[in-house]
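Step one of this worksheet: look at the structure below.
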Amino acid sequence: MAKVEVLKFKRDRIKAGDVELHVYRLISRTDEEWDGELADLLNNILKKESEADYVVVEQHGEVERVQGEVPAGKKEQDTMILHPRIARLRRVAVIRQKDLQQELGYYKVNLESVKWTSVESGVYVFDGKVRAPPDVIMLVLETDDGIQHVTLGS
């Protein structure tokens, strides 16, 4: 028997200034004993889950992880990947057109001058919608799993 951790999430929304971001809020974290494939445990949980929208199963001491939606395959329209794998969100920076500076034909932004919005504990990011004013061109998401840039618009 191996120890596994089961994390359950509920969809939610947060605001970073005037930007609305769809996220996942951690609603439970439990340890279980499991002897078998993690995908089988995940499948069993997804079949009977009624509270959570998303479930992650990780094996303790291993890098192995499986994750899935409840009910499997049900997604909202206009959903985009915000981070390659579900990760705890620490803070968000909103980059506007006016924050860009052109230098030698390239655009750059000074992240030190950008305003960051901290996020409360228990908020995770993976896929979702972003609602932002037209002048917002990018979000910078700082997570426990690194920094991700999300380009908005065309």
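In the structure tokens, each chain is lettered A, B, ... as it comes, each chain's residues begin at 1, and ligands are numbered from 1 in order of appearance.
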
Can you check which residues of chain A DSSP gives as strand (DSSP E or B) on the backbone and send them as a ChimeraX atom specification?
/A:2-16,19-34,54-59,65-69,80-81,87-96,100-103,106-109,116-118,123-125,127-128,130-131,136-143,146-151

Would you save the residues of that selection, restricted to C-alpha atoms, as an mmCIF file, in the first residue's frame?
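This went into out_26.cif:
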data_model
loop_
_atom_site.group_PDB
_atom_site.id
_atom_site.type_symbol
_atom_site.label_atom_id
_atom_site.label_comp_id
_atom_site.auth_asym_id
_atom_site.auth_seq_id
_atom_site.Cartn_x
_atom_site.Cartn_y
_atom_site.Cartn_z
ATOM 1 C CA ALA A 2 1.220 3.467 -0.884
ATOM 2 C CA LYS A 3 0.259 6.755 0.691
ATOM 3 C CA VAL A 4 -1.491 9.116 -1.696
ATOM 4 C CA GLU A 5 -2.825 12.620 -1.269
ATOM 5 C CA VAL A 6 -6.224 13.572 -2.680
ATOM 6 C CA LEU A 7 -6.863 17.270 -3.327
ATOM 7 C CA LYS A 8 -10.361 18.462 -4.225
ATOM 8 C CA PHE A 9 -11.117 21.854 -5.748
ATOM 9 C CA LYS A 10 -14.168 24.006 -6.454
ATOM 10 C CA ARG A 11 -14.236 26.526 -9.314
ATOM 11 C CA ASP A 12 -14.159 30.152 -8.208
ATOM 12 C CA ARG A 13 -13.244 33.643 -9.413
ATOM 13 C CA ILE A 14 -10.845 36.243 -8.095
ATOM 14 C CA LYS A 15 -10.117 39.858 -9.019
ATOM 15 C CA ALA A 16 -6.689 41.331 -9.695
ATOM 16 C CA VAL A 19 -9.226 41.704 -14.218
ATOM 17 C CA GLU A 20 -11.379 38.689 -13.310
ATOM 18 C CA LEU A 21 -9.633 35.328 -13.303
ATOM 19 C CA HIS A 22 -11.237 31.880 -13.006
ATOM 20 C CA VAL A 23 -9.376 29.754 -10.470
ATOM 21 C CA TYR A 24 -9.801 26.652 -8.332
ATOM 22 C CA ARG A 25 -10.251 26.903 -4.563
ATOM 23 C CA LEU A 26 -8.918 23.990 -2.463
ATOM 24 C CA ILE A 27 -11.848 22.519 -0.493
ATOM 25 C CA SER A 28 -10.207 19.382 0.935
ATOM 26 C CA ARG A 29 -6.863 17.625 1.210
ATOM 27 C CA THR A 30 -6.800 14.041 2.522
ATOM 28 C CA ASP A 31 -4.301 11.206 2.771
ATOM 29 C CA GLU A 32 -5.306 7.700 1.712
ATOM 30 C CA GLU A 33 -3.702 4.293 1.364
ATOM 31 C CA TRP A 34 -3.923 2.897 -2.169
ATOM 32 C CA TYR A 54 -11.633 19.103 -9.983
ATOM 33 C CA VAL A 55 -9.580 16.376 -8.284
ATOM 34 C CA VAL A 56 -5.823 15.731 -8.096
ATOM 35 C CA VAL A 57 -4.276 12.509 -6.773
ATOM 36 C CA GLU A 58 -0.540 12.508 -5.959
ATOM 37 C CA GLN A 59 1.636 9.734 -4.608
ATOM 38 C CA ARG A 65 0.193 12.780 -10.308
ATOM 39 C CA VAL A 66 -3.169 12.367 -12.029
ATOM 40 C CA GLN A 67 -5.925 14.941 -12.234
ATOM 41 C CA GLY A 68 -9.387 15.254 -13.691
ATOM 42 C CA GLU A 69 -12.608 17.239 -13.882
ATOM 43 C CA MET A 80 -7.808 28.718 -21.813
ATOM 44 C CA ILE A 81 -4.832 27.047 -20.151
ATOM 45 C CA ALA A 87 -0.545 24.979 -8.993
ATOM 46 C CA ARG A 88 -1.095 27.231 -5.984
ATOM 47 C CA LEU A 89 -1.344 30.854 -7.107
ATOM 48 C CA ARG A 90 0.654 33.380 -5.057
ATOM 49 C CA ARG A 91 0.175 36.644 -6.938
ATOM 50 C CA VAL A 92 -0.876 38.156 -10.266
ATOM 51 C CA ALA A 93 0.578 41.040 -12.285
ATOM 52 C CA VAL A 94 -1.537 42.779 -14.918
ATOM 53 C CA ILE A 95 0.465 44.076 -17.898
ATOM 54 C CA ARG A 96 -1.165 46.854 -19.906
ATOM 55 C CA LEU A 100 5.539 48.072 -22.629
ATOM 56 C CA GLN A 101 8.669 49.827 -23.829
ATOM 57 C CA GLN A 102 10.078 49.302 -27.303
ATOM 58 C CA GLU A 103 13.812 48.763 -27.539
ATOM 59 C CA TYR A 106 11.462 44.368 -29.295
ATOM 60 C CA TYR A 107 9.023 45.077 -26.518
ATOM 61 C CA LYS A 108 10.043 44.697 -22.907
ATOM 62 C CA VAL A 109 8.381 45.272 -19.586
ATOM 63 C CA TRP A 116 1.220 42.811 -8.218
ATOM 64 C CA THR A 117 -1.938 41.550 -6.518
ATOM 65 C CA SER A 118 -1.388 38.950 -3.788
ATOM 66 C CA VAL A 123 -6.288 29.405 -4.547
ATOM 67 C CA TYR A 124 -4.962 27.365 -7.467
ATOM 68 C CA VAL A 125 -4.725 28.029 -11.193
ATOM 69 C CA ASP A 127 -7.510 26.431 -16.811
ATOM 70 C CA GLY A 128 -10.238 29.027 -16.883
ATOM 71 C CA VAL A 130 -10.005 35.709 -18.026
ATOM 72 C CA ARG A 131 -12.093 38.863 -18.292
ATOM 73 C CA VAL A 136 -4.612 44.475 -20.749
ATOM 74 C CA ILE A 137 -2.299 42.431 -22.959
ATOM 75 C CA MET A 138 -0.779 39.936 -20.522
ATOM 76 C CA LEU A 139 -0.992 38.425 -17.045
ATOM 77 C CA VAL A 140 1.991 37.194 -15.088
ATOM 78 C CA LEU A 141 1.012 34.420 -12.682
ATOM 79 C CA GLU A 142 3.425 33.580 -9.879
ATOM 80 C CA THR A 143 2.744 30.101 -8.487
ATOM 81 C CA GLY A 146 7.074 28.939 -11.166
ATOM 82 C CA ILE A 147 5.996 31.952 -13.209
ATOM 83 C CA GLN A 148 3.641 31.728 -16.172
ATOM 84 C CA HIS A 149 2.893 34.456 -18.738
ATOM 85 C CA VAL A 150 -0.604 34.468 -20.182
ATOM 86 C CA THR A 151 -1.063 36.542 -23.331
#

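The interatomic distance for the pair CA of His83 in chain A and CA of Pro134 in chain A works out to 21.8 Å.
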
Apply DSSP to the structure's backbone, then extract all residues of chain A labelled alpha helix (DSSP H) and return them as a PyMOL selection string.
chain A and resi 38-48
